[in-house]
Amino acid sequence: MSARRIGGAKKPAKPRSKNKVRTPGDFPSREDILAFVAENPGKAGKREIARHFGIVGAARIQLKKMLKDLGTEGLVERRQKRLIRPGDLPPVFVVNLVARDLDGELLGEPVDWDDEAGAPPKILVLPLKGKAPQPGLGDRALVRLSEAEATPEAEHTARVIKVLEKKQDAVLGIFRTRGTGQPPYLEPIDRKQRELDIDTQDTKDAQDGDLISVQVVRTGRYGTARGQVVERFGSMKSEKAVSEIALHTHAIRHVFPGDVEAEAESAKPVSQGKREDWRSIPLVTIDPPDAKDHDDAVFAEPDEDPDNADGHIVYVAIADVAHYVRPGSALDREAHLRGNSVYFPDRVIPMLPERISNDLCSLREKEERPAMAVRMIFGKDGRKRSHSFHRVIMRSAAKLSYLQAQKAIEGVTDETTETLVDGVLKPIWAAYEILKRGRDNREPLDLDIPERKIKLKEDGTVDHVYVPERLEAHKLIEEFMIQANVAAAETLEKKKSPLLYRIHDASSPEKLESLKEFLSTLDMKLPSSGGLRPAMFNGILAKVKDTPQAHVINEVILRSQAQAEYHPDNIGHFGLNLKRYAHFTSPIRRYADLIVHRGLIKALGLGNDGLPDGIETKLEAIGAEISAAERRAMLAERDTVDRLMALWMSDQIGATFQGRIAGAVKSGLFIRLNDTGADGFVPASTIGLDYYRYDESSHALIGDKTGETYQLGDSVEVKLVEAAPFAGALRFELLSPGRKGGKRGSGSKRKSFVTRSRRPGGPSKPPSRTGGRRKKPK
């Protein structure tokens with residue numbers, strides 16, 4: 001199915017200027033409603049439509065049905081609680097400033113744009129009002145759509161809210177040598193850039209094939225541009241070099257400015273002061289074995305209140321980052337720009353300098369640290385009865401890994417855990433048992449998507465790929481953190497404090513319809529009665545558990561989900577099945593959590609370092625910025641893994657592998673290998689001798705004459721024919737024949753698109769790699 005775009009390359013038809021004035025009870029037509037949505041993009045919800053047209057009483061039911069029908073037909077889309085037409089841009093979004101028009105005005109393109117949808121629309125970007133620093137070419141800016149008229153060169157007009165990043169002057173590429181007497185040159189990573197001769201005065205000892213960054217310099221006003229080596233990252237086969245490409249490509253900040261480092265280094269440890277003393281509570285950290293920044297610690301004990309028999313008290317302490325990172329400081333500005341930490345296979349780009357993240361804020365074993373803590377009381381049914389927040393000084397009783405804690409509770413102890421089992425770990429696990437009851441009653445979306453990890457050698461190259469076991473210890477910490485996050489959202493909401501929610505919308509009607517069509521090809525049906533709930537998806541997942549279809553069904557349901565984001569307006573969290581949710585538990589690595597901490601500090605009178613006055617008007621923009629930063633980080637992490645896998649497999653050309661079809665598009669098939677999880681592409685031009693049609697409803701390529709079918713989820717054998725490490729791409733050739741007799745199941749109404757058959761000549765160009773890629777969980 002073609003990906004939906006957030007804007008349109010074609011300018012939408014101009015809506016009428018005014019809606020007809022109606023009297024209450026005169027029900028509007030579909031055209032009236034569509035016109036109102038067009039005139040109020042991102043502002044028209046069911047309530048606003050009802051108010052505008054005077055719809056009251058039972059007529060609101062008819063309105064709800066009409067809006068549902070319009071969504072199913074693809075005439076409107078829902079963004080949070082507002083409606084927009086397909087092809088409309090959201091009210092606030094991020095643009096790359098890519099050109100200037102004939103009048104010298106800046107033109108931008110949306111950052112979140114699917115290349116498969118065609119060319120992105122051009123946005124005329126109006127400057128910031130006042131004397132604030134103005135954006136320039138190469139910058140990114142957060143903009144708000146304007147009602148100003150579009151121009152011949154731009155489909156939309158928007159005004160800058162804030163400049164996000166400055167352009168990067170360094171050019172990244174591969175150091176290449178020529179013959180004797182000729183200068184070396186730069187082979188740029190970005191194919192849009194030209195090759196560049198390199199100044200030989202100081203090459204930083206770069207060798208042919210090394211990744212380097214260069215500064216473009218000229219020998220005179222009109223001299224030839226040359227590259228001056230700024231940094232050598234080493235062999236392209238190392239993880240550091242590969243991740244450097246991702247940092248450059250996605251413009252991720254990874255060098256702390258001097259004033260930020262200086263502010264971090266000048267920070268001093270916290271004394272108890274007016275903080276509550278929690279040093280006697282045996283809180284423990286449970287993290288991956290190689291973790292350096294420990295931002296959460298937990299403990300639990302039975303509740304001795306006779307009115308809460310068999311209930312438990314759960315303590316969650318979180319690093320008090322807000323004490324060190326004050327609003328408006330250099331540290332705060334940098335954390336805001338970064339939005340979050342970025343995690344590569346053997347390298348972390350932290351949101352905060354190590355002096356803060358790995359030292360002063362990290363809840364180290366046996367060391368006193370400041371924390372924001374929550375004390376939660378649960379009944380035996382798993383429901384939270386009450387909670388309270390505290391600003392404390394604590395001392396972690398032990399640093400444990402997930403596996404270490406799991407083994408200890410199963411009876412295999414070591415020097416650290418043998419003294420903790422009875423007094424610490426068993427009470428924690430007992431509390432988790434009752435929290436599981438509450439979770440089971442809540443019925444969140446229960447996807448089972450194995451997460452593959454890359455193990456590197458000492459030289460930074462890939463050693464092997466593995467799937468870490470998901471332990472009960474992981475689930476325990478996850479549930480404790482979820483409950484602490486809910487408590488934070490509830491407290492701030494009750495105090496009417498400004499708040500950035502973590503929101504997750506339900507699946508759009510279009511994605512839901514696509515899912516239903518695919519399930520029908522497997523003779524499965526998504527329940528249609530009642531409102532959409534995670535339990536409906538869980539029912540399907542339960543039916544296919546431990547079957548050959550389990551993996552593909554999990555993947556397809558994941559793809560049908562909306563993407564979670566940060567926003568000051570609450571719509572709940574669909575995936576977790578929660579009415580309100582906020583991120584509180586990871587302020588070392590997420591800026592959203594720091595905002596929540598500051599909100600709690602101010603709302604509860606816990607200090608003078610809480611949210612600043614006037615933050616309410618800025619939260620929507622902040623939410624958009626850090627949501628965009630989160631997506632950039634995910635793309636950078638994924639691209640790095642893809643490049644490492646392509647490098648690792650580049651010496652296996654001609655080898656055969658077992659895999660599954662992970663996606664089908666008009667131009668070919670995406671394949672995921674069973675052993676490594678590596679993704680590659682099979683161009684349709686190399687499949688069989690038939691004409692293949694892309695069947696949208698069944699996610700399959702089907703031969704016109706033979707009926708030979710390749711469908712999402714099918715097991716296949718493939719041969720690796722090409723590896724492109726710079727692009728992180730693999731190309732395969734299918735060795736397995738397709739299934740005869742068409743797609744699985746009875747199917748539904750088919751939407752078909754002619755694709756290519758085998759032709760003499762070279763391989764076809766693969767499409768955008770987003771088509772069949774797995775999207776990260778929310």
# chains A, B, ... in the order shown; residues from 1 in each chain; ligands from 1
call {"tool": "residues_around", "arguments": {"residues": "range 398-404 of chain A", "least_positions_apart": "3", "cutoff": "12 Å", "atoms": "only C-alpha atoms", "output": "number ranges by chain"}}
result
A: 281-299, 362-367, 395, 407-421, 424-425, 468-478
call {"tool": "write_last_selection", "arguments": {"atoms": "N, CA and C atoms", "output": "compact mmCIF listing (two decimals), in the first residue's frame"}}
result
# COMPACT_ATOMS: atom_id res chain seq x y z
N ILE A 281 16.58 3.02 53.12
CA ILE A 281 15.75 2.15 52.26
C ILE A 281 16.66 1.44 51.27
N PRO A 282 16.65 0.10 51.23
CA PRO A 282 17.59 -0.65 50.38
C PRO A 282 17.20 -0.66 48.91
N LEU A 283 17.19 0.51 48.31
CA LEU A 283 16.91 0.62 46.88
C LEU A 283 18.04 0.00 46.06
N VAL A 284 17.70 -0.69 44.98
CA VAL A 284 18.72 -1.30 44.12
C VAL A 284 18.49 -0.87 42.67
N THR A 285 19.57 -0.78 41.92
CA THR A 285 19.46 -0.52 40.48
C THR A 285 19.55 -1.86 39.75
N ILE A 286 18.71 -2.04 38.74
CA ILE A 286 18.71 -3.26 37.91
C ILE A 286 18.76 -2.80 36.46
N ASP A 287 19.91 -3.01 35.81
CA ASP A 287 20.16 -2.46 34.48
C ASP A 287 20.92 -3.48 33.63
N PRO A 288 21.16 -3.17 32.35
CA PRO A 288 22.07 -4.00 31.55
C PRO A 288 23.44 -4.04 32.20
N PRO A 289 24.21 -5.10 31.98
CA PRO A 289 25.50 -5.23 32.67
C PRO A 289 26.51 -4.15 32.36
N ASP A 290 26.39 -3.52 31.16
CA ASP A 290 27.37 -2.50 30.77
C ASP A 290 26.86 -1.08 30.98
N ALA A 291 25.74 -0.92 31.69
CA ALA A 291 25.16 0.41 31.90
C ALA A 291 26.08 1.27 32.76
N LYS A 292 26.17 2.56 32.39
CA LYS A 292 26.97 3.51 33.16
C LYS A 292 26.11 4.59 33.83
N ASP A 293 24.97 4.90 33.19
CA ASP A 293 24.09 5.91 33.76
C ASP A 293 22.88 5.21 34.39
N HIS A 294 22.88 5.11 35.70
CA HIS A 294 21.81 4.44 36.43
C HIS A 294 20.82 5.50 36.91
N ASP A 295 19.69 5.62 36.20
CA ASP A 295 18.78 6.71 36.57
C ASP A 295 17.57 6.24 37.36
N ASP A 296 17.44 4.94 37.65
CA ASP A 296 16.31 4.49 38.47
C ASP A 296 16.73 3.39 39.44
N ALA A 297 16.14 3.41 40.62
CA ALA A 297 16.37 2.39 41.64
C ALA A 297 15.02 2.02 42.25
N VAL A 298 14.87 0.77 42.68
CA VAL A 298 13.56 0.30 43.14
C VAL A 298 13.67 -0.49 44.45
N PHE A 299 12.56 -0.53 45.16
CA PHE A 299 12.42 -1.37 46.35
C PHE A 299 10.92 -1.58 46.56
N SER A 362 24.09 9.74 38.32
CA SER A 362 23.98 8.28 38.26
C SER A 362 23.87 7.70 39.66
N LEU A 363 22.86 6.86 39.87
CA LEU A 363 22.61 6.30 41.20
C LEU A 363 23.57 5.15 41.47
N ARG A 364 24.82 5.52 41.75
CA ARG A 364 25.88 4.53 41.92
C ARG A 364 25.74 3.76 43.23
N GLU A 365 26.23 2.56 43.19
CA GLU A 365 26.18 1.67 44.36
C GLU A 365 26.96 2.27 45.53
N LYS A 366 26.30 2.30 46.70
CA LYS A 366 26.92 2.73 47.98
C LYS A 366 27.29 4.21 48.01
N GLU A 367 26.82 5.01 47.05
CA GLU A 367 27.14 6.43 47.03
C GLU A 367 25.85 7.25 47.20
N ARG A 395 20.87 6.17 48.91
CA ARG A 395 22.12 5.44 48.71
C ARG A 395 21.77 4.06 48.18
N LYS A 407 18.70 -14.57 38.17
CA LYS A 407 19.31 -15.80 38.70
C LYS A 407 19.16 -15.88 40.21
N ALA A 408 19.32 -14.74 40.87
CA ALA A 408 19.22 -14.73 42.34
C ALA A 408 17.83 -15.15 42.79
N ILE A 409 16.79 -14.64 42.13
CA ILE A 409 15.43 -14.97 42.54
C ILE A 409 15.11 -16.43 42.21
N GLU A 410 15.89 -17.01 41.26
CA GLU A 410 15.71 -18.42 40.91
C GLU A 410 16.62 -19.33 41.72
N GLY A 411 17.40 -18.75 42.67
CA GLY A 411 18.20 -19.55 43.58
C GLY A 411 19.67 -19.62 43.29
N VAL A 412 20.13 -18.94 42.24
CA VAL A 412 21.56 -18.94 41.90
C VAL A 412 22.13 -17.58 42.29
N THR A 413 22.76 -17.51 43.46
CA THR A 413 23.24 -16.23 43.98
C THR A 413 24.75 -16.09 43.83
N ASP A 414 25.22 -14.87 44.00
CA ASP A 414 26.65 -14.58 44.01
C ASP A 414 26.96 -13.75 45.26
N GLU A 415 28.18 -13.23 45.34
CA GLU A 415 28.57 -12.48 46.53
C GLU A 415 27.69 -11.26 46.76
N THR A 416 27.23 -10.65 45.69
CA THR A 416 26.40 -9.45 45.82
C THR A 416 24.97 -9.78 46.21
N THR A 417 24.40 -10.79 45.55
CA THR A 417 22.97 -11.05 45.71
C THR A 417 22.61 -11.97 46.87
N GLU A 418 23.58 -12.73 47.42
CA GLU A 418 23.22 -13.69 48.46
C GLU A 418 22.65 -13.03 49.71
N THR A 419 23.04 -11.77 49.98
CA THR A 419 22.52 -11.07 51.15
C THR A 419 21.27 -10.25 50.84
N LEU A 420 20.89 -10.20 49.55
CA LEU A 420 19.77 -9.37 49.13
C LEU A 420 18.49 -10.17 48.85
N VAL A 421 18.59 -11.47 48.71
CA VAL A 421 17.46 -12.26 48.24
C VAL A 421 16.24 -12.11 49.14
N VAL A 424 15.35 -8.00 50.03
CA VAL A 424 15.18 -7.02 48.96
C VAL A 424 14.50 -7.63 47.72
N LEU A 425 15.11 -8.67 47.17
CA LEU A 425 14.62 -9.18 45.89
C LEU A 425 13.27 -9.89 46.00
N PRO A 468 18.71 -11.20 22.74
CA PRO A 468 18.79 -11.38 24.19
C PRO A 468 17.47 -11.90 24.74
N GLU A 469 17.58 -12.77 25.72
CA GLU A 469 16.38 -13.34 26.34
C GLU A 469 15.64 -12.25 27.12
N ARG A 470 14.33 -12.22 26.96
CA ARG A 470 13.52 -11.26 27.72
C ARG A 470 13.14 -11.91 29.04
N LEU A 471 13.75 -11.43 30.11
CA LEU A 471 13.59 -12.03 31.43
C LEU A 471 12.42 -11.39 32.18
N GLU A 472 11.99 -12.08 33.22
CA GLU A 472 10.96 -11.51 34.09
C GLU A 472 11.48 -10.24 34.77
N ALA A 473 12.80 -10.19 35.00
CA ALA A 473 13.39 -8.99 35.60
C ALA A 473 13.18 -7.76 34.72
N HIS A 474 13.27 -7.95 33.39
CA HIS A 474 12.99 -6.84 32.47
C HIS A 474 11.55 -6.37 32.63
N LYS A 475 10.63 -7.31 32.65
CA LYS A 475 9.21 -6.98 32.74
C LYS A 475 8.88 -6.30 34.07
N LEU A 476 9.56 -6.72 35.13
CA LEU A 476 9.35 -6.13 36.45
C LEU A 476 9.71 -4.65 36.45
N ILE A 477 10.92 -4.35 35.99
CA ILE A 477 11.35 -2.94 35.97
C ILE A 477 10.46 -2.13 35.05
N GLU A 478 10.09 -2.70 33.92
CA GLU A 478 9.21 -2.00 32.98
C GLU A 478 7.88 -1.63 33.64
call {"tool": "closest_atom_pairs", "arguments": {"of": "range 264-326 of chain A", "to": "range 597-612 of chain A", "cutoff": "10 Å", "atoms": "only C-alpha atoms", "output": "JSON lines"}}
result
{"residue": "A:Lys274", "atom": "CA", "partner": "A:Leu606", "partner_atom": "CA", "distance": 9.1}
{"residue": "A:Arg275", "atom": "CA", "partner": "A:Leu606", "partner_atom": "CA", "distance": 8.8}
{"residue": "A:Ile318", "atom": "CA", "partner": "A:His597", "partner_atom": "CA", "distance": 9.5}
{"residue": "A:Ala319", "atom": "CA", "partner": "A:His597", "partner_atom": "CA", "distance": 9.9}
{"residue": "A:Asp320", "atom": "CA", "partner": "A:His597", "partner_atom": "CA", "distance": 8.0}
{"residue": "A:Val321", "atom": "CA", "partner": "A:His597", "partner_atom": "CA", "distance": 8.2}
{"residue": "A:Ala322", "atom": "CA", "partner": "A:Arg598", "partner_atom": "CA", "distance": 6.4}
{"residue": "A:His323", "atom": "CA", "partner": "A:Asp609", "partner_atom": "CA", "distance": 6.7}
{"residue": "A:Tyr324", "atom": "CA", "partner": "A:Asp609", "partner_atom": "CA", "distance": 9.2}
{"residue": "A:Val325", "atom": "CA", "partner": "A:Asp609", "partner_atom": "CA", "distance": 8.8}
{"residue": "A:Arg326", "atom": "CA", "partner": "A:Asp609", "partner_atom": "CA", "distance": 6.3}
call {"tool": "select_by_dssp", "arguments": {"residues": "range 273-435 of chain A", "states": "strand (DSSP E)", "output": "MDAnalysis selection string"}}
result
chainID A and resid 276:277 284:287 296:302 312:319 342:344 347:349 368:378 384:395 398:401
call {"tool": "write_last_selection", "arguments": {"atoms": "N, CA and C atoms", "output": "compact mmCIF listing (two decimals), in the first residue's frame"}}
result
# COMPACT_ATOMS: atom_id res chain seq x y z
N GLU A 276 14.29 14.66 52.11
CA GLU A 276 13.99 13.54 52.99
C GLU A 276 15.14 12.53 52.93
N ASP A 277 15.39 11.87 54.04
CA ASP A 277 16.49 10.91 54.12
C ASP A 277 15.96 9.51 53.82
N VAL A 284 17.70 -0.69 44.98
CA VAL A 284 18.72 -1.30 44.12
C VAL A 284 18.49 -0.87 42.67
N THR A 285 19.57 -0.78 41.92
CA THR A 285 19.46 -0.52 40.48
C THR A 285 19.55 -1.86 39.75
N ILE A 286 18.71 -2.04 38.74
CA ILE A 286 18.71 -3.26 37.91
C ILE A 286 18.76 -2.80 36.46
N ASP A 287 19.91 -3.01 35.81
CA ASP A 287 20.16 -2.46 34.48
C ASP A 287 20.92 -3.48 33.63
N ASP A 296 17.44 4.94 37.65
CA ASP A 296 16.31 4.49 38.47
C ASP A 296 16.73 3.39 39.44
N ALA A 297 16.14 3.41 40.62
CA ALA A 297 16.37 2.39 41.64
C ALA A 297 15.02 2.02 42.25
N VAL A 298 14.87 0.77 42.68
CA VAL A 298 13.56 0.30 43.14
C VAL A 298 13.67 -0.49 44.45
N PHE A 299 12.56 -0.53 45.16
CA PHE A 299 12.42 -1.37 46.35
C PHE A 299 10.92 -1.58 46.56
N ALA A 300 10.57 -2.63 47.29
CA ALA A 300 9.17 -2.88 47.62
C ALA A 300 9.10 -3.61 48.95
N GLU A 301 7.96 -3.49 49.61
CA GLU A 301 7.74 -4.17 50.87
C GLU A 301 6.24 -4.37 51.08
N PRO A 302 5.86 -5.37 51.88
CA PRO A 302 4.43 -5.57 52.16
C PRO A 302 3.86 -4.37 52.90
N HIS A 312 1.02 -4.11 48.71
CA HIS A 312 2.45 -3.81 48.74
C HIS A 312 2.70 -2.33 48.53
N ILE A 313 3.85 -1.87 49.04
CA ILE A 313 4.33 -0.51 48.81
C ILE A 313 5.53 -0.60 47.87
N VAL A 314 5.49 0.16 46.80
CA VAL A 314 6.57 0.16 45.81
C VAL A 314 7.26 1.53 45.84
N TYR A 315 8.58 1.52 45.93
CA TYR A 315 9.39 2.74 45.91
C TYR A 315 10.16 2.80 44.60
N VAL A 316 10.07 3.91 43.90
CA VAL A 316 10.85 4.13 42.69
C VAL A 316 11.57 5.48 42.85
N ALA A 317 12.89 5.43 42.83
CA ALA A 317 13.71 6.65 42.95
C ALA A 317 14.38 6.93 41.62
N ILE A 318 14.29 8.17 41.18
CA ILE A 318 14.83 8.58 39.87
C ILE A 318 15.85 9.69 40.08
N ALA A 319 16.94 9.63 39.34
CA ALA A 319 18.01 10.63 39.44
C ALA A 319 17.44 12.04 39.35
N VAL A 342 21.38 9.01 22.23
CA VAL A 342 21.32 8.14 21.06
C VAL A 342 22.21 6.94 21.31
N TYR A 343 21.68 5.74 21.05
CA TYR A 343 22.38 4.52 21.41
C TYR A 343 22.78 3.73 20.17
N PHE A 344 24.09 3.55 20.01
CA PHE A 344 24.63 2.72 18.95
C PHE A 344 25.15 1.41 19.56
N ARG A 347 28.36 2.46 21.50
CA ARG A 347 28.66 3.87 21.71
C ARG A 347 27.37 4.61 22.05
N VAL A 348 27.45 5.53 22.99
CA VAL A 348 26.29 6.32 23.37
C VAL A 348 26.61 7.79 23.14
N ILE A 349 25.69 8.49 22.48
CA ILE A 349 25.79 9.95 22.37
C ILE A 349 24.84 10.50 23.43
N GLU A 368 25.95 8.35 47.97
CA GLU A 368 24.78 9.20 48.19
C GLU A 368 24.47 10.00 46.94
N ARG A 369 23.19 9.99 46.58
CA ARG A 369 22.76 10.71 45.39
C ARG A 369 21.39 11.36 45.64
N PRO A 370 21.15 12.53 45.02
CA PRO A 370 19.81 13.15 45.12
C PRO A 370 18.85 12.44 44.16
N ALA A 371 17.59 12.37 44.55
CA ALA A 371 16.61 11.69 43.70
C ALA A 371 15.23 12.32 43.87
N MET A 372 14.44 12.20 42.82
CA MET A 372 13.00 12.43 42.88
C MET A 372 12.38 11.05 43.00
N ALA A 373 11.58 10.84 44.04
CA ALA A 373 11.08 9.50 44.31
C ALA A 373 9.56 9.49 44.45
N VAL A 374 8.97 8.34 44.15
CA VAL A 374 7.54 8.16 44.32
C VAL A 374 7.29 6.90 45.15
N ARG A 375 6.40 7.02 46.10
CA ARG A 375 5.99 5.90 46.97
C ARG A 375 4.55 5.53 46.60
N MET A 376 4.37 4.32 46.10
CA MET A 376 3.06 3.90 45.59
C MET A 376 2.53 2.72 46.38
N ILE A 377 1.26 2.76 46.73
CA ILE A 377 0.62 1.69 47.49
C ILE A 377 -0.36 0.96 46.57
N PHE A 378 -0.19 -0.36 46.47
CA PHE A 378 -1.03 -1.19 45.62
C PHE A 378 -1.82 -2.20 46.45
N LYS A 384 -3.51 0.63 41.93
CA LYS A 384 -2.83 1.60 42.78
C LYS A 384 -3.86 2.33 43.63
N ARG A 385 -3.64 2.31 44.95
CA ARG A 385 -4.59 2.96 45.86
C ARG A 385 -4.20 4.41 46.15
N SER A 386 -2.91 4.69 46.18
CA SER A 386 -2.44 6.05 46.42
C SER A 386 -0.96 6.14 46.07
N HIS A 387 -0.48 7.38 45.99
CA HIS A 387 0.95 7.59 45.76
C HIS A 387 1.34 8.97 46.27
N SER A 388 2.64 9.17 46.47
CA SER A 388 3.15 10.47 46.89
C SER A 388 4.57 10.64 46.36
N PHE A 389 4.91 11.90 46.03
CA PHE A 389 6.25 12.19 45.50
C PHE A 389 7.10 12.86 46.58
N HIS A 390 8.39 12.59 46.53
CA HIS A 390 9.32 13.07 47.55
C HIS A 390 10.64 13.45 46.89
N ARG A 391 11.29 14.48 47.42
CA ARG A 391 12.64 14.84 46.98
C ARG A 391 13.58 14.36 48.07
N VAL A 392 14.48 13.43 47.71
CA VAL A 392 15.20 12.67 48.74
C VAL A 392 16.69 12.65 48.48
N ILE A 393 17.40 12.20 49.50
CA ILE A 393 18.79 11.77 49.35
C ILE A 393 18.78 10.27 49.59
N MET A 394 19.44 9.51 48.74
CA MET A 394 19.39 8.04 48.83
C MET A 394 20.78 7.46 48.65
N ARG A 395 20.87 6.17 48.91
CA ARG A 395 22.12 5.44 48.71
C ARG A 395 21.77 4.06 48.18
N ALA A 398 22.74 -1.76 46.02
CA ALA A 398 23.48 -2.66 45.13
C ALA A 398 23.22 -2.30 43.68
N LYS A 399 24.21 -2.59 42.84
CA LYS A 399 24.08 -2.45 41.39
C LYS A 399 23.96 -3.86 40.82
N LEU A 400 22.80 -4.17 40.25
CA LEU A 400 22.54 -5.50 39.72
C LEU A 400 22.25 -5.44 38.23
N SER A 401 22.60 -6.51 37.53
CA SER A 401 22.17 -6.65 36.14
C SER A 401 20.86 -7.42 36.12
call {"tool": "residues_around", "arguments": {"residues": "Leu337 in chain A", "least_positions_apart": "6", "cutoff": "12 Å", "atoms": "only C-alpha atoms", "output": "tab-separated table (two decimals) with N, CA, C and O atoms, in the first residue's frame"}}
result
chain	number	residue	atom	x	y	z
A	140	ARG	N	17.43	23.84	10.22
A	140	ARG	CA	16.12	23.25	10.45
A	140	ARG	C	15.33	24.20	11.32
A	140	ARG	O	15.89	24.85	12.19
A	141	ALA	N	14.04	24.27	11.09
A	141	ALA	CA	13.21	25.18	11.86
A	141	ALA	C	11.87	24.55	12.17
A	141	ALA	O	11.33	23.78	11.36
A	162	LYS	N	10.79	28.60	15.78
A	162	LYS	CA	12.10	28.51	16.41
A	162	LYS	C	13.09	27.86	15.46
A	162	LYS	O	12.75	26.93	14.74
A	163	VAL	N	14.32	28.37	15.44
A	163	VAL	CA	15.40	27.75	14.68
A	163	VAL	C	15.94	26.60	15.52
A	163	VAL	O	16.30	26.78	16.69
A	164	LEU	N	16.03	25.40	14.92
A	164	LEU	CA	16.42	24.22	15.70
A	164	LEU	C	17.92	23.96	15.64
A	164	LEU	O	18.53	23.66	16.65
A	165	GLU	N	18.51	24.00	14.45
A	165	GLU	CA	19.92	23.64	14.34
A	165	GLU	C	20.58	24.48	13.26
A	165	GLU	O	19.93	24.87	12.30
A	166	LYS	N	21.86	24.70	13.42
A	166	LYS	CA	22.62	25.40	12.38
A	166	LYS	C	23.23	24.37	11.43
A	166	LYS	O	23.45	23.21	11.78
A	251	ALA	N	22.16	14.84	11.30
A	251	ALA	CA	22.45	16.12	11.99
A	251	ALA	C	22.24	16.01	13.49
A	251	ALA	O	21.58	16.84	14.11
A	252	ILE	N	22.80	14.95	14.09
A	252	ILE	CA	22.67	14.74	15.53
A	252	ILE	C	23.86	15.37	16.25
A	252	ILE	O	25.03	15.09	15.92
A	253	ARG	N	23.57	16.23	17.20
A	253	ARG	CA	24.63	16.92	17.95
A	253	ARG	C	25.39	15.89	18.80
A	253	ARG	O	24.78	15.11	19.52
A	254	HIS	N	26.70	15.92	18.71
A	254	HIS	CA	27.47	14.92	19.46
A	254	HIS	C	28.73	15.49	20.11
A	254	HIS	O	29.47	14.77	20.76
A	256	PHE	N	29.82	18.48	22.79
A	256	PHE	CA	29.30	19.48	23.72
A	256	PHE	C	30.08	20.79	23.60
A	256	PHE	O	31.32	20.78	23.63
A	330	ALA	N	23.18	26.69	30.21
A	330	ALA	CA	23.82	26.12	29.03
A	330	ALA	C	23.52	24.62	28.92
A	330	ALA	O	23.26	24.10	27.82
A	331	LEU	N	23.53	23.93	30.05
A	331	LEU	CA	23.19	22.51	30.06
A	331	LEU	C	21.77	22.28	29.59
A	331	LEU	O	21.48	21.34	28.83
A	350	PRO	N	25.38	10.93	24.59
A	350	PRO	CA	24.51	11.27	25.71
A	350	PRO	C	23.83	12.63	25.54
A	350	PRO	O	24.34	13.51	24.84
A	351	MET	N	22.69	12.78	26.18
A	351	MET	CA	22.01	14.07	26.18
A	351	MET	C	22.73	15.05	27.08
A	351	MET	O	22.72	16.26	26.83
A	352	LEU	N	23.39	14.54	28.11
A	352	LEU	CA	24.09	15.36	29.08
A	352	LEU	C	25.55	14.92	29.18
A	352	LEU	O	25.86	13.74	29.00
A	590	ARG	N	16.31	11.62	28.56
A	590	ARG	CA	15.15	12.17	27.83
A	590	ARG	C	14.78	13.53	28.39
A	590	ARG	O	14.53	13.67	29.60
A	591	TYR	N	14.70	14.53	27.53
A	591	TYR	CA	14.37	15.88	27.97
A	591	TYR	C	12.93	15.97	28.45
A	591	TYR	O	12.61	16.76	29.35
A	592	ALA	N	12.04	15.17	27.89
A	592	ALA	CA	10.63	15.18	28.31
A	592	ALA	C	10.51	14.86	29.80
A	592	ALA	O	9.70	15.46	30.52
A	622	ILE	N	7.97	22.59	22.17
A	622	ILE	CA	8.97	21.71	22.79
A	622	ILE	C	8.63	20.25	22.50
A	622	ILE	O	9.50	19.44	22.16
A	623	GLY	N	7.34	19.90	22.63
A	623	GLY	CA	6.92	18.54	22.35
A	623	GLY	C	7.23	18.14	20.92
A	623	GLY	O	7.69	17.02	20.65
A	624	ALA	N	6.97	19.05	19.96
A	624	ALA	CA	7.26	18.76	18.56
A	624	ALA	C	8.75	18.58	18.33
A	624	ALA	O	9.18	17.69	17.58
A	625	GLU	N	9.56	19.42	18.98
A	625	GLU	CA	11.02	19.35	18.81
A	625	GLU	C	11.58	18.03	19.33
A	625	GLU	O	12.37	17.37	18.65
A	626	ILE	N	11.19	17.65	20.54
A	626	ILE	CA	11.80	16.44	21.11
A	626	ILE	C	11.21	15.17	20.49
A	626	ILE	O	11.87	14.13	20.45
A	627	SER	N	9.98	15.26	19.97
A	627	SER	CA	9.44	14.12	19.22
A	627	SER	C	10.23	13.93	17.93
A	627	SER	O	10.54	12.79	17.55
A	628	ALA	N	10.57	15.04	17.27
A	628	ALA	CA	11.39	14.96	16.06
A	628	ALA	C	12.79	14.43	16.38
A	628	ALA	O	13.36	13.64	15.62
A	629	ALA	N	13.36	14.86	17.51
A	629	ALA	CA	14.68	14.37	17.92
A	629	ALA	C	14.65	12.87	18.18
A	629	ALA	O	15.59	12.15	17.85
A	630	GLU	N	13.56	12.40	18.77
A	630	GLU	CA	13.42	10.97	19.03
A	630	GLU	C	13.39	10.19	17.72
A	630	GLU	O	14.04	9.14	17.60
call {"tool": "select_by_dssp", "arguments": {"residues": "range 587-738 of chain A", "states": "helix (DSSP H, G or I)", "output": "PyMOL selection string"}}
result
chain A and resi 591-603+615-649+684-686
call {"tool": "residues_around", "arguments": {"residues": "range 577-587 of chain A", "least_positions_apart": "5", "cutoff": "8 Å", "atoms": "only C-alpha atoms", "output": "PyMOL selection string"}}
result
chain A and resi 295-296+318-321+442-445+481+484-486+488-490+500-503+533-534+570-572+592-594+596-597
call {"tool": "closest_residue", "arguments": {"among": "A:Leu689, A:Ala335, A:Ala38, A:Ile356", "to": "Ala262 in chain A", "atoms": "only C-alpha atoms"}}
result
A:Ile356
